[in-house]
Amino acid sequence: MRKYLVGVNVPALRSHNAALVLDLLRTAGEAGISRLELAERTGLTPQAVSKITARLRAEGLAAEAGHRASTGGKPRTVLRLVPTAAYAVGVHLDRDELTTLLTDLSGTAVTLRRRPLDLGAGAGPVLDAVTAEVRALLDAVPPGGTVLGAGVAMPGPLDHRAGVPGRVTGFPEWDGQPVREELARRLGLPVVLDKDTNAAALGLALRPAAPGSFAYVHLGTGLGAGLVLGGAPLRGDRTGAGELGHQTVQLDGPPCGCGGRGCLEVLCLAAVARGELPEAARILGAGAANLVRLLDIDQVLLGGRVVLAAPDVFAEGVREVLTGLGLTAPVSVVTDTGAGTTAGAGAGTKGAGTRGAGTRGAGTRGAGTTAGAGTEAAAESGMAADSGTTVAASGTGVGAPGAVAEGAVWLTLGPIFGQ
């Protein structure tokens, strides 16, 4: 019998103005924020803010966090978000690994699970695995807790609005599979489906002090980019924006699983498979430079298991290419710490389960394969090869879910905060 509530069934969450107030409570953190500050920053009247915060408190979404001295009159009451008021699920469905993450309303990780997976096994077995993992994850939700939904991130191309993948590079059998509809039916939860790189970019855009425009360049089992312009993710009308890996950079180059030749992805992953990481970084830098020139973005953020296995090599290599072309956009590596921070090139960050740069070449089965990430993750976290294992639970220092899994959570949480 289900012990938790499902979906956005809290009346206070249905108001746009309430979403604005909630987002300010979220970003204020434990320090909280006063009603006067909320009014000043939202442009709402103090009376409107008082009504909204009263509803949020009545629904258990906000609580008093003490008082703050004022310049005159009585001290101001400070309000804060109640993180345990609701929970959300993030799913990173990679080509060879499944990561599921449960967070509270603030996006703080509660429980993380990870297991090896073969995307080529087909939609039925893969969605069976996702269903089992999410159900196991939901055991960590307190009795009576509200689960808002699940965000699912997977390789593209896909149709975000329809919730259906396209011809995933190397796995054409996923074309047209009703992933969102099927998972919603199985889980009994609202589900949002998006590309892995878009999800990561959304999560990064919602971090404190995020740049207004950036490209998140992800190098793992494939290569892609998530784009944020003016603080909002750029998906394109058909969710096709950011297919950086299939940008042709060598007209007579090797064939790619997408059907093209000389794609950035096939060249970069071939260099990784040969162990030539500086060359892979140089190729990645060429793609990043094209994004900077085309979109005039403020920053390039690098992530993915291959990058996290050698962050200095990739950050310095990409930066060198940009600098050589006179491009001044900073280059940083997104750390895979679970804490949601970014680090510069000098941060010797090692992502969880990323020992070695093992990838499938160009997103095709078996091409240029070294150590599979699912096997590496299993070895590092002691999990069985045929089932998921809880990596960490609340209060024990939840491990590193990765930018994509973290971002997948925000596919569900984002709208609650007006994002």
# chains A, B, ... in the order shown; residues from 1 in each chain; ligands from 1
>>> closest_atom_pairs(of="stretch 155-274 of chain A", to="stretch 302-312 of chain A", cutoff="7 Å", atoms="only C-alpha atoms", output="JSON lines")
{"residue": "A:Tyr216", "atom": "CA", "partner": "A:Leu302", "partner_atom": "CA", "distance": 5.8}
{"residue": "A:Val217", "atom": "CA", "partner": "A:Leu302", "partner_atom": "CA", "distance": 4.9}
{"residue": "A:His218", "atom": "CA", "partner": "A:Gly303", "partner_atom": "CA", "distance": 4.8}
{"residue": "A:Leu219", "atom": "CA", "partner": "A:Gly304", "partner_atom": "CA", "distance": 4.8}
{"residue": "A:Gly220", "atom": "CA", "partner": "A:Gly304", "partner_atom": "CA", "distance": 4.8}
>>> write_last_selection(atoms="all heavy atoms", output="PDB file, in the first residue's frame")
ATOM      1  N   TYR A 216      26.621  23.765 -21.131  1.00  0.00           N
ATOM      2  CA  TYR A 216      27.096  22.615 -20.372  1.00  0.00           C
ATOM      3  C   TYR A 216      27.467  21.547 -21.396  1.00  0.00           C
ATOM      4  O   TYR A 216      26.595  21.019 -22.097  1.00  0.00           O
ATOM      5  CB  TYR A 216      26.022  22.107 -19.416  1.00  0.00           C
ATOM      6  CG  TYR A 216      26.377  20.749 -18.819  1.00  0.00           C
ATOM      7  CD1 TYR A 216      27.396  20.640 -17.881  1.00  0.00           C
ATOM      8  CD2 TYR A 216      25.716  19.593 -19.217  1.00  0.00           C
ATOM      9  CE1 TYR A 216      27.748  19.404 -17.344  1.00  0.00           C
ATOM     10  CE2 TYR A 216      26.052  18.360 -18.683  1.00  0.00           C
ATOM     11  CZ  TYR A 216      27.069  18.266 -17.757  1.00  0.00           C
ATOM     12  OH  TYR A 216      27.423  17.044 -17.240  1.00  0.00           O
ATOM     13  N   VAL A 217      28.738  21.234 -21.500  1.00  0.00           N
ATOM     14  CA  VAL A 217      29.228  20.269 -22.480  1.00  0.00           C
ATOM     15  C   VAL A 217      29.523  18.964 -21.753  1.00  0.00           C
ATOM     16  O   VAL A 217      30.391  18.915 -20.880  1.00  0.00           O
ATOM     17  CB  VAL A 217      30.486  20.798 -23.197  1.00  0.00           C
ATOM     18  CG1 VAL A 217      31.000  19.765 -24.200  1.00  0.00           C
ATOM     19  CG2 VAL A 217      30.159  22.104 -23.916  1.00  0.00           C
ATOM     20  N   HIS A 218      28.799  17.923 -22.123  1.00  0.00           N
ATOM     21  CA  HIS A 218      28.835  16.645 -21.415  1.00  0.00           C
ATOM     22  C   HIS A 218      29.531  15.598 -22.274  1.00  0.00           C
ATOM     23  O   HIS A 218      29.126  15.331 -23.407  1.00  0.00           O
ATOM     24  CB  HIS A 218      27.399  16.196 -21.120  1.00  0.00           C
ATOM     25  CG  HIS A 218      27.297  14.943 -20.321  1.00  0.00           C
ATOM     26  ND1 HIS A 218      27.125  14.948 -18.949  1.00  0.00           N
ATOM     27  CD2 HIS A 218      27.346  13.627 -20.675  1.00  0.00           C
ATOM     28  CE1 HIS A 218      27.047  13.706 -18.510  1.00  0.00           C
ATOM     29  NE2 HIS A 218      27.193  12.878 -19.544  1.00  0.00           N
ATOM     30  N   LEU A 219      30.590  14.996 -21.716  1.00  0.00           N
ATOM     31  CA  LEU A 219      31.313  13.932 -22.404  1.00  0.00           C
ATOM     32  C   LEU A 219      31.300  12.694 -21.525  1.00  0.00           C
ATOM     33  O   LEU A 219      31.954  12.656 -20.479  1.00  0.00           O
ATOM     34  CB  LEU A 219      32.760  14.360 -22.707  1.00  0.00           C
ATOM     35  CG  LEU A 219      33.627  13.331 -23.425  1.00  0.00           C
ATOM     36  CD1 LEU A 219      33.027  12.933 -24.770  1.00  0.00           C
ATOM     37  CD2 LEU A 219      35.048  13.863 -23.616  1.00  0.00           C
ATOM     38  N   GLY A 220      30.525  11.713 -21.917  1.00  0.00           N
ATOM     39  CA  GLY A 220      30.424  10.464 -21.173  1.00  0.00           C
ATOM     40  C   GLY A 220      30.339   9.317 -22.155  1.00  0.00           C
ATOM     41  O   GLY A 220      31.254   9.071 -22.922  1.00  0.00           O
TER      42      GLY A 220
END
>>> atom_distance(atom1="atom CA of A:Leu227", atom2="atom CA of A:Gly120")
27.3 Å
>>> residues_around(residues="A:Val152", least_positions_apart="4", cutoff="12 Å", atoms="only C-alpha atoms", output="ChimeraX atom specification")
/A:88-94,98-101,127,130-131,134,156,158,160,163-165,179-181,183-184,189-200,404-412
>>> closest_residue(among="A:Val313, A:Leu44, A:Leu117, A:Ala65", to="A:Ser332", atoms="only C-alpha atoms")
A:Val313
>>> atom_distance(atom1="atom CA of A:Ser106", atom2="atom CA of A:Arg26")
6.2 Å
>>> atom_distance(atom1="atom CA of A:Val147", atom2="atom CA of A:Ala209")
28.0 Å
